[in-house]
file my_file.txt (compact mmCIF, C-alpha atoms)
# COMPACT_ATOMS: atom_id res chain seq x y z
CA MET A 9 -3.65 -20.16 -24.06
CA THR A 10 -6.88 -20.31 -22.11
CA GLN A 11 -8.57 -17.24 -23.58
CA ASP A 12 -12.06 -18.59 -22.88
CA LYS A 13 -11.80 -18.96 -19.11
CA SER A 14 -14.37 -17.06 -17.14
CA LEU A 15 -15.75 -16.57 -13.66
CA SER A 16 -19.31 -17.82 -13.31
CA PRO A 17 -21.97 -15.63 -11.65
CA GLU A 18 -22.21 -18.29 -8.89
CA ALA A 19 -18.48 -18.13 -8.24
CA ARG A 20 -18.59 -14.35 -8.16
CA ARG A 21 -21.45 -14.40 -5.65
CA ALA A 22 -19.65 -16.99 -3.52
CA LEU A 23 -16.62 -14.68 -3.30
CA MET A 24 -18.69 -11.62 -2.45
CA GLU A 25 -20.45 -13.53 0.32
CA ARG A 26 -17.35 -15.23 1.67
CA ASP A 27 -17.10 -15.12 5.43
CA ILE A 28 -13.42 -14.48 6.10
CA PRO A 29 -12.16 -15.11 9.65
CA PRO A 30 -10.75 -11.92 11.27
CA ALA A 31 -6.97 -11.64 11.51
CA VAL A 32 -5.46 -10.64 14.86
CA MET A 33 -1.91 -9.33 15.22
CA PRO A 34 -0.04 -7.89 18.22
CA VAL A 35 2.12 -4.96 17.13
CA GLU A 36 5.64 -5.87 18.27
CA ARG A 37 8.55 -3.43 18.54
CA GLY A 38 10.93 -5.72 16.67
CA HIS A 39 8.47 -6.23 13.83
CA VAL A 40 7.89 -2.48 13.48
CA ARG A 41 11.68 -1.93 13.41
CA ARG A 42 12.22 -4.66 10.81
CA PHE A 43 9.39 -3.30 8.69
CA ALA A 44 10.86 0.23 8.82
CA GLU A 45 14.25 -1.21 7.81
CA ALA A 46 12.65 -3.18 4.99
CA ILE A 47 11.10 -0.01 3.53
CA GLY A 48 14.35 1.89 4.07
CA ASP A 49 12.70 4.55 6.26
CA GLY A 50 14.98 5.46 9.16
CA SER A 51 12.71 8.06 10.78
CA GLU A 52 12.64 7.93 14.58
CA ARG A 53 8.86 8.27 14.23
CA TRP A 54 8.75 4.51 13.63
CA THR A 55 10.12 3.56 17.06
CA ASP A 56 6.74 3.48 18.81
CA THR A 57 4.40 4.12 15.90
CA ALA A 58 3.93 1.78 12.95
CA PRO A 59 4.58 3.14 9.42
CA PRO A 60 1.44 3.83 7.33
CA THR A 61 1.61 0.63 5.29
CA PHE A 62 2.63 -1.65 8.19
CA LEU A 63 -0.80 -3.24 8.51
CA ARG A 64 -0.22 -4.77 5.09
CA ALA A 65 1.70 -7.39 7.06
CA MET A 66 -1.60 -8.69 8.42
CA LEU A 67 -2.71 -9.67 4.92
CA SER A 68 0.20 -11.99 4.25
CA GLU A 69 -2.19 -14.83 3.57
CA LEU A 70 -4.76 -13.69 1.05
CA PRO A 71 -8.29 -14.94 1.66
CA SER A 72 -8.79 -18.37 0.15
CA ALA A 73 -10.51 -18.17 -3.24
CA PRO A 74 -10.74 -21.57 -4.94
CA GLU A 75 -13.10 -19.95 -7.47
CA LEU A 76 -10.07 -18.20 -8.94
CA GLU A 77 -8.08 -21.37 -9.71
CA ALA A 78 -8.24 -20.60 -13.44
CA PHE A 79 -6.59 -17.24 -12.76
CA PRO A 80 -3.37 -18.28 -11.00
CA GLN A 81 -1.22 -15.17 -11.60
CA MET A 82 -1.61 -11.99 -9.65
CA LEU A 83 -0.87 -8.30 -10.06
CA ASP A 84 -1.26 -5.68 -7.38
CA GLY A 85 -3.30 -2.82 -8.83
CA GLY A 86 -3.05 -0.37 -5.96
CA SER A 87 -4.28 0.53 -2.50
CA ASP A 88 -6.48 3.13 -0.86
CA TRP A 89 -5.81 3.72 2.83
CA GLU A 90 -7.74 5.81 5.33
CA TYR A 91 -6.39 6.33 8.83
CA GLY A 92 -7.93 6.82 12.25
CA ALA A 93 -6.16 6.30 15.59
CA PRO A 94 -2.40 5.68 15.33
CA VAL A 95 -1.07 2.10 15.45
CA THR A 96 1.49 1.85 18.24
CA VAL A 97 3.74 -0.83 19.69
CA GLY A 98 1.76 -2.87 22.21
CA ASP A 99 -1.53 -2.59 20.33
CA THR A 100 -3.39 -5.69 19.22
CA ILE A 101 -4.96 -5.07 15.84
CA THR A 102 -7.91 -6.95 14.41
CA GLY A 103 -8.46 -6.89 10.65
CA VAL A 104 -11.83 -7.79 9.15
CA THR A 105 -11.62 -8.48 5.43
CA ARG A 106 -14.21 -8.86 2.70
CA PHE A 107 -14.31 -8.93 -1.08
CA ALA A 108 -15.82 -5.51 -1.79
CA SER A 109 -16.03 -6.05 -5.54
CA VAL A 110 -15.32 -8.83 -8.03
CA ASN A 111 -15.40 -8.10 -11.77
CA GLN A 112 -14.13 -9.87 -14.85
CA ARG A 113 -12.45 -7.74 -17.52
CA ASN A 114 -10.08 -8.37 -20.39
CA ILE A 115 -6.52 -7.17 -20.08
CA GLY A 116 -3.59 -7.56 -22.51
CA VAL A 117 -2.96 -11.19 -21.63
CA GLY A 118 -6.64 -12.27 -21.75
CA PRO A 119 -9.50 -12.51 -19.24
CA ALA A 120 -8.73 -11.24 -15.77
CA VAL A 121 -10.60 -10.85 -12.49
CA PHE A 122 -10.36 -7.52 -10.69
CA LEU A 123 -10.85 -7.95 -6.94
CA GLN A 124 -11.23 -5.22 -4.42
CA ILE A 125 -10.31 -6.55 -0.99
CA GLU A 126 -11.33 -4.28 1.86
CA THR A 127 -9.91 -4.66 5.35
CA ARG A 128 -11.07 -2.64 8.33
CA TYR A 129 -8.58 -2.53 11.19
CA THR A 130 -9.41 -1.79 14.83
CA ASN A 131 -7.28 -1.83 17.99
CA GLN A 132 -7.80 -3.59 21.33
CA GLN A 133 -10.02 -0.70 22.50
CA GLY A 134 -12.28 -1.16 19.50
CA GLU A 135 -11.06 2.13 18.00
CA TRP A 136 -10.89 2.28 14.21
CA VAL A 137 -7.27 2.65 13.10
CA ALA A 138 -7.39 2.15 9.33
CA THR A 139 -9.22 0.84 6.31
CA GLN A 140 -7.34 -0.53 3.32
CA LYS A 141 -8.92 -1.19 -0.06
CA ASN A 142 -6.52 -3.25 -2.12
CA THR A 143 -7.10 -3.88 -5.82
CA LEU A 144 -5.78 -7.23 -7.05
CA ILE A 145 -5.80 -8.45 -10.62
CA ARG A 146 -5.84 -12.22 -11.13
CA TYR A 147 -5.22 -13.59 -14.63
CA MET B 20 12.07 14.26 13.14
CA ALA B 21 11.53 17.43 11.13
CA GLU B 22 9.35 20.23 12.47
CA SER B 23 5.94 20.35 10.86
CA PRO B 24 5.16 23.04 8.32
CA PHE B 25 2.28 25.28 9.37
CA TRP B 26 -0.84 24.77 7.31
CA ASP B 27 -1.12 28.56 6.85
CA ASP B 28 2.23 28.64 5.04
CA VAL B 29 1.51 25.82 2.58
CA GLU B 30 0.49 26.80 -0.96
CA VAL B 31 -0.82 24.81 -3.90
CA GLY B 32 2.08 23.84 -6.15
CA LEU B 33 4.58 23.41 -3.31
CA GLU B 34 6.96 20.54 -4.09
CA LEU B 35 7.63 18.05 -1.29
CA PRO B 36 11.30 17.03 -1.04
CA ALA B 37 11.87 13.97 -3.26
CA VAL B 38 13.04 10.64 -1.86
CA VAL B 39 15.21 8.47 -4.12
CA LYS B 40 15.19 4.72 -3.50
CA ARG B 41 17.24 1.99 -5.11
CA PRO B 42 15.93 -1.33 -3.79
CA SER B 43 18.34 -4.25 -4.15
CA THR B 44 17.20 -7.86 -4.33
CA ARG B 45 18.29 -8.11 -0.67
CA GLN B 46 15.91 -5.25 0.15
CA LEU B 47 13.07 -7.09 -1.64
CA VAL B 48 13.76 -10.20 0.45
CA LYS B 49 13.76 -8.07 3.63
CA TYR B 50 10.46 -6.57 2.56
CA ALA B 51 9.05 -10.02 1.81
CA GLY B 52 10.01 -11.13 5.32
CA ALA B 53 8.75 -8.04 7.13
CA SER B 54 5.48 -7.76 5.19
CA GLY B 55 4.76 -11.46 4.76
CA ASP B 56 4.36 -11.04 0.98
CA PHE B 57 6.18 -14.10 -0.32
CA TYR B 58 4.95 -14.02 -3.92
CA GLU B 59 7.83 -15.59 -5.87
CA VAL B 60 8.00 -12.82 -8.51
CA HIS B 61 9.95 -10.75 -5.98
CA TYR B 62 12.83 -13.19 -5.31
CA ASP B 63 12.68 -16.23 -7.64
CA LYS B 64 13.87 -15.06 -11.06
CA GLU B 65 13.11 -18.36 -12.79
CA PHE B 66 9.53 -18.20 -11.56
CA ALA B 67 9.18 -14.58 -12.68
CA VAL B 68 10.51 -15.32 -16.17
CA ASP B 69 8.34 -18.45 -16.45
CA ILE B 70 5.18 -16.39 -15.98
CA GLY B 71 6.25 -13.88 -18.59
CA LEU B 72 7.90 -11.14 -16.56
CA PRO B 73 11.26 -9.76 -17.71
CA GLY B 74 12.74 -10.68 -14.30
CA LEU B 75 12.24 -9.91 -10.63
CA ILE B 76 9.91 -7.02 -9.87
CA VAL B 77 9.63 -4.64 -6.91
CA HIS B 78 6.66 -5.21 -4.57
CA GLY B 79 3.89 -2.72 -5.33
CA ALA B 80 3.34 -2.33 -1.59
CA LEU B 81 7.01 -1.35 -1.16
CA LYS B 82 6.47 1.48 -3.67
CA ASN B 83 3.38 2.38 -1.62
CA ALA B 84 5.65 2.67 1.44
CA TYR B 85 8.15 4.81 -0.51
CA LEU B 86 5.43 7.28 -1.52
CA ALA B 87 4.16 7.34 2.07
CA GLN B 88 7.66 8.34 3.21
CA VAL B 89 7.65 11.39 0.92
CA VAL B 90 4.62 12.61 2.86
CA THR B 91 5.60 11.55 6.38
CA ASP B 92 9.13 13.03 6.02
CA TRP B 93 7.61 16.35 4.96
CA MET B 94 4.69 16.56 7.42
CA GLY B 95 6.97 16.34 10.48
CA ALA B 96 6.22 15.34 14.04
CA ASP B 97 2.83 17.10 14.33
CA GLY B 98 1.48 16.15 10.91
CA VAL B 99 -1.07 13.34 10.66
CA LEU B 100 -1.55 11.22 7.55
CA ARG B 101 -5.29 10.86 6.93
CA LYS B 102 -5.47 9.21 3.50
CA LEU B 103 -3.07 7.55 1.11
CA SER B 104 -3.88 6.07 -2.30
CA VAL B 105 -1.57 4.52 -4.88
CA ARG B 106 -2.04 3.05 -8.35
CA TYR B 107 0.55 0.78 -9.92
CA ARG B 108 0.81 1.67 -13.63
CA GLY B 109 3.93 -0.30 -14.43
CA THR B 110 6.38 -2.70 -12.84
CA ASP B 111 9.81 -1.74 -11.52
CA VAL B 112 12.96 -3.80 -11.35
CA PRO B 113 15.48 -3.99 -8.50
CA ASN B 114 18.71 -1.93 -8.61
CA ASP B 115 17.06 0.98 -10.38
CA ASP B 116 16.73 4.54 -9.07
CA LEU B 117 13.10 5.20 -8.14
CA THR B 118 12.46 8.90 -7.60
CA CYS B 119 9.47 9.49 -5.34
CA SER B 120 8.02 12.99 -5.19
CA GLY B 121 4.95 14.93 -4.21
CA ARG B 122 3.24 18.23 -4.89
CA VAL B 123 0.52 20.07 -2.98
CA THR B 124 -2.75 20.18 -4.93
CA LYS B 125 -5.22 21.55 -2.37
CA VAL B 126 -5.14 23.43 0.94
CA TYR B 127 -8.44 23.49 2.84
CA GLU B 128 -10.33 23.21 6.12
CA GLN B 129 -12.82 20.47 6.84
CA GLY B 130 -14.66 19.90 10.10
CA GLY B 131 -12.18 22.10 11.95
CA ALA B 132 -9.17 20.19 10.58
CA HIS B 133 -6.48 21.94 8.53
CA LEU B 134 -5.83 19.70 5.56
CA VAL B 135 -3.50 19.49 2.57
CA ASP B 136 -3.90 17.18 -0.44
CA CYS B 137 -0.83 16.05 -2.36
CA ALA B 138 -0.28 14.29 -5.69
CA LEU B 139 2.44 11.64 -5.53
CA THR B 140 4.51 10.09 -8.26
CA LEU B 141 7.26 7.48 -8.61
CA ILE B 142 9.47 7.68 -11.70
CA ASN B 143 12.11 5.10 -12.65
CA SER B 144 15.46 5.77 -14.33
CA GLN B 145 13.83 5.36 -17.76
CA GLY B 146 11.59 8.31 -16.93
CA GLU B 147 8.53 6.08 -16.69
CA GLN B 148 5.90 7.06 -14.14
CA THR B 149 5.16 3.58 -12.81
CA THR B 150 3.22 4.56 -9.69
CA THR B 151 0.95 7.50 -8.95
CA GLY B 152 -0.89 8.41 -5.79
CA THR B 153 -2.59 10.96 -3.60
CA ALA B 154 -2.40 11.76 0.09
CA THR B 155 -4.31 13.89 2.58
CA VAL B 156 -2.39 15.29 5.54
CA GLN B 157 -3.56 17.22 8.59
CA LEU B 158 -1.16 19.97 9.66
CA PRO B 159 -0.97 22.32 12.66
CA ALA B 160 -2.23 25.87 12.05
CA ARG B 161 -0.85 29.08 13.53
CA ALA B 162 -2.78 30.30 16.55
CA GLY B 163 -5.23 33.14 15.97
call {"tool": "encode", "arguments": {"input": "my_file.txt", "output": "structure tokens"}}
result
Amino acid sequence: MTQDKSLSPEARRALMERDIPPAVMPVERGHVRRFAEAIGDGSERWTDTAPPTFLRAMLSELPSAPELEAFPQMLDGGSDWEYGAPVTVGDTITGVTRFASVNQRNIGVGPAVFLQIETRYTNQQGEWVATQKNTLIRY
Amino acid sequence: MAESPFWDDVEVGLELPAVVKRPSTRQLVKYAGASGDFYEVHYDKEFAVDIGLPGLIVHGALKNAYLAQVVTDWMGADGVLRKLSVRYRGTDVPNDDLTCSGRVTKVYEQGGAHLVDCALTLINSQGEQTTTGTATVQLPARAG
């Protein structure tokens, strides 16, 4: 067991200051349909409009964080979403992500790093469509 | 799509119709593909057991989607989801009944918008509340 592992103040600062390239994703009808099927939600609402958690698909690759090598396992702690303009088929969404907080805490299995990853999503008109704050626990 | 409830008719304590989900391993793979979340704990049992889990676990974000559906089914065509928060308090396994429900906790106006807050909960077949959440919905109001 590696009970003594820890995240240095330098590593923490490097994460907080990380410049993460924006993600860009066209919202495709087939993808929206497959996503709705995958969550088992057959509402006709999701023909032209994307379901509320659809933009999660833009975060498939988590921002690179070599500082967290000693904490290889991951738990999803939860998400806070706020919504603006609807996300509809044909939109092109840009997601800008940053590490909003990075804190080390002990959990049952030993030292863990709690990360809050915030992504702000806008559409091709520059309108704000959503902000997601995702809490990840690395241990 | 269901007609939207009028904000004027919604009272604190109102129960939103529950949604029961029973995700299979196939459903988890579909979700992995559609969401791009390919963490092995959701489809590679050996990997999951090796890192100390009892077996495969359901994506937290899939449970997030389930709780969102409780709200979007209820709010109908003219309802607008403004906020949605979830906290994962425990893991869930595939092929288990996950009962997702909601209850109105606040009915209010803000900046001209007619809003309703809901508390959300997901309970597995063992009776464990493994996910909790909150949502804010904007509803149409009766004229006058």
call {"tool": "axis_aligned_box", "arguments": {"input": "my_file.txt", "around": "segment 99-117 of chain B", "padding_each_side": "4 Å", "output": "AutoDock Vina command-line options"}}
result
--center_x 6.6 --center_y 4.7 --center_z -1.9 --size_x 32.2 --size_y 25.3 --size_z 33.1
call {"tool": "interface_residues", "arguments": {"input": "my_file.txt", "of": "chain A", "to": "chain B", "cutoff": "8 Å", "atoms": "all atoms listed in the file", "output": "list in words"}}
result
His39, Arg42, Phe43, Ala46, Ile47, Asp49, Ser51, Glu52, Arg53, Pro60, Thr61, Phe62, Arg64, Ala65, Met66, Leu67, Ser68, Glu69, Gln81, Asp84, Gly85, Gly86, Ser87, Asp88, Trp89, Glu90, Tyr91 and Gly92 of chain A
call {"tool": "atom_distance", "arguments": {"input": "my_file.txt", "atom1": "atom CA of Gln132 of chain A", "atom2": "atom CA of Val40 of chain A"}}
result
17.6 Å
call {"tool": "atom_distance", "arguments": {"input": "my_file.txt", "atom1": "atom CA of Val97 of chain A", "atom2": "atom CA of Leu134 of chain B"}}
result
26.7 Å
call {"tool": "atom_distance", "arguments": {"input": "my_file.txt", "atom1": "atom CA of Lys64 of chain B", "atom2": "atom CA of Asp111 of chain B"}}
result
13.9 Å
call {"tool": "closest_residue", "arguments": {"input": "my_file.txt", "among": "B:Asp63, B:Gly146, B:Ala160, B:Thr44", "to": "Ala132 of chain B", "atoms": "all atoms listed in the file"}}
result
B:Ala160
call {"tool": "residues_around", "arguments": {"input": "my_file.txt", "residues": "segment 117-128 of chain A", "least_positions_apart": "4", "cutoff": "8 Å", "atoms": "only C-alpha atoms", "output": "list in words"}}
result
Gln11, Asp12, Lys13, Ser14, Leu15, Phe79, Gly103, Val104, Thr105, Arg106, Phe107, Ala108, Ser109, Val110, Asn111, Gln112, Arg113, Trp136, Ala138, Thr139, Gln140, Lys141, Asn142, Thr143, Leu144, Ile145, Arg146 and Tyr147 of chain A
call {"tool": "residues_around", "arguments": {"input": "my_file.txt", "residues": "Ser144 of chain B", "least_positions_apart": "3", "cutoff": "9 Å", "atoms": "only C-alpha atoms", "output": "ChimeraX atom specification"}}
result
/B:115-118,147
call {"tool": "decode", "arguments": {"input": "my_file.txt", "residues": "segment 143-157 of chain B", "atoms": "all heavy atoms", "output": "CSV table (one decimal), in the first residue's frame"}}
result
chain,number,residue,atom,x,y,z
B,143,ASN,N,-31.5,1.7,-4.9
B,143,ASN,CA,-31.4,0.3,-5.6
B,143,ASN,C,-32.3,-0.7,-4.9
B,143,ASN,O,-33.0,-0.4,-4.0
B,143,ASN,CB,-29.9,-0.1,-5.6
B,143,ASN,CG,-29.3,-0.3,-4.2
B,143,ASN,OD1,-30.1,-0.5,-3.2
B,143,ASN,ND2,-28.0,-0.2,-4.1
B,144,SER,N,-32.2,-1.9,-5.3
B,144,SER,CA,-33.2,-2.9,-4.8
B,144,SER,C,-32.9,-3.3,-3.4
B,144,SER,O,-33.7,-4.0,-2.7
B,144,SER,CB,-33.1,-4.2,-5.7
B,144,SER,OG,-31.9,-4.8,-5.6
B,145,GLN,N,-31.7,-2.9,-2.9
B,145,GLN,CA,-31.4,-3.2,-1.5
B,145,GLN,C,-31.9,-2.1,-0.6
B,145,GLN,O,-31.7,-2.1,0.6
B,145,GLN,CB,-29.8,-3.2,-1.3
B,145,GLN,CG,-29.1,-4.2,-2.2
B,145,GLN,CD,-29.5,-5.6,-1.9
B,145,GLN,OE1,-29.5,-6.1,-0.8
B,145,GLN,NE2,-30.0,-6.3,-2.9
B,146,GLY,N,-32.5,-1.1,-1.2
B,146,GLY,CA,-33.1,0.1,-0.5
B,146,GLY,C,-32.0,1.1,-0.2
B,146,GLY,O,-32.3,2.0,0.6
B,147,GLU,N,-30.8,1.0,-0.8
B,147,GLU,CA,-29.8,2.0,-0.6
B,147,GLU,C,-30.0,3.2,-1.5
B,147,GLU,O,-30.2,3.0,-2.7
B,147,GLU,CB,-28.4,1.3,-0.8
B,147,GLU,CG,-28.1,0.2,0.1
B,147,GLU,CD,-27.0,-0.7,-0.5
B,147,GLU,OE1,-26.8,-0.8,-1.7
B,147,GLU,OE2,-26.3,-1.4,0.3
B,148,GLN,N,-29.9,4.3,-0.9
B,148,GLN,CA,-29.9,5.6,-1.7
B,148,GLN,C,-28.5,5.9,-2.2
B,148,GLN,O,-27.7,6.4,-1.5
B,148,GLN,CB,-30.5,6.7,-0.8
B,148,GLN,CG,-30.7,8.0,-1.5
B,148,GLN,CD,-31.3,9.0,-0.5
B,148,GLN,OE1,-32.5,9.1,-0.4
B,148,GLN,NE2,-30.5,9.7,0.2
B,149,THR,N,-28.2,5.5,-3.4
B,149,THR,CA,-26.9,5.6,-3.9
B,149,THR,C,-26.6,6.9,-4.6
B,149,THR,O,-25.4,7.2,-4.9
B,149,THR,CB,-26.5,4.4,-4.8
B,149,THR,OG1,-27.5,4.4,-5.9
B,149,THR,CG2,-26.6,3.1,-4.1
B,150,THR,N,-27.6,7.6,-5.0
B,150,THR,CA,-27.5,8.9,-5.7
B,150,THR,C,-28.5,9.8,-5.2
B,150,THR,O,-29.7,9.4,-5.1
B,150,THR,CB,-27.5,8.7,-7.2
B,150,THR,OG1,-26.7,7.6,-7.6
B,150,THR,CG2,-27.1,10.0,-8.0
B,151,THR,N,-28.1,11.0,-4.9
B,151,THR,CA,-29.1,12.1,-4.6
B,151,THR,C,-28.9,13.3,-5.5
B,151,THR,O,-27.8,13.4,-6.2
B,151,THR,CB,-28.9,12.6,-3.1
B,151,THR,OG1,-27.6,13.0,-3.0
B,151,THR,CG2,-29.2,11.4,-2.2
B,152,GLY,N,-29.9,14.1,-5.6
B,152,GLY,CA,-29.7,15.3,-6.5
B,152,GLY,C,-30.7,16.4,-6.3
B,152,GLY,O,-31.6,16.2,-5.4
B,153,THR,N,-30.6,17.4,-7.0
B,153,THR,CA,-31.6,18.5,-7.0
B,153,THR,C,-31.7,19.0,-8.4
B,153,THR,O,-30.8,18.9,-9.2
B,153,THR,CB,-31.1,19.7,-6.1
B,153,THR,OG1,-29.8,20.2,-6.6
B,153,THR,CG2,-31.0,19.3,-4.6
B,154,ALA,N,-32.9,19.6,-8.7
B,154,ALA,CA,-33.1,20.2,-10.0
B,154,ALA,C,-33.9,21.5,-9.8
B,154,ALA,O,-34.7,21.6,-8.9
B,154,ALA,CB,-33.8,19.2,-10.9
B,155,THR,N,-33.7,22.4,-10.8
B,155,THR,CA,-34.6,23.6,-10.8
B,155,THR,C,-35.2,23.6,-12.2
B,155,THR,O,-34.5,23.5,-13.2
B,155,THR,CB,-33.7,24.9,-10.6
B,155,THR,OG1,-33.1,24.8,-9.3
B,155,THR,CG2,-34.6,26.1,-10.7
B,156,VAL,N,-36.5,23.8,-12.3
B,156,VAL,CA,-37.3,23.7,-13.5
B,156,VAL,C,-38.1,25.0,-13.6
B,156,VAL,O,-38.6,25.5,-12.7
B,156,VAL,CB,-38.2,22.5,-13.5
B,156,VAL,CG1,-39.0,22.5,-14.8
B,156,VAL,CG2,-37.5,21.3,-13.3
B,157,GLN,N,-38.1,25.5,-14.9
B,157,GLN,CA,-39.0,26.7,-15.1
B,157,GLN,C,-40.3,26.2,-15.8
B,157,GLN,O,-40.2,25.4,-16.8
B,157,GLN,CB,-38.3,27.7,-16.1
B,157,GLN,CG,-39.0,28.9,-16.3
B,157,GLN,CD,-38.2,29.9,-17.1
B,157,GLN,OE1,-37.0,29.8,-17.2
B,157,GLN,NE2,-38.9,30.9,-17.6
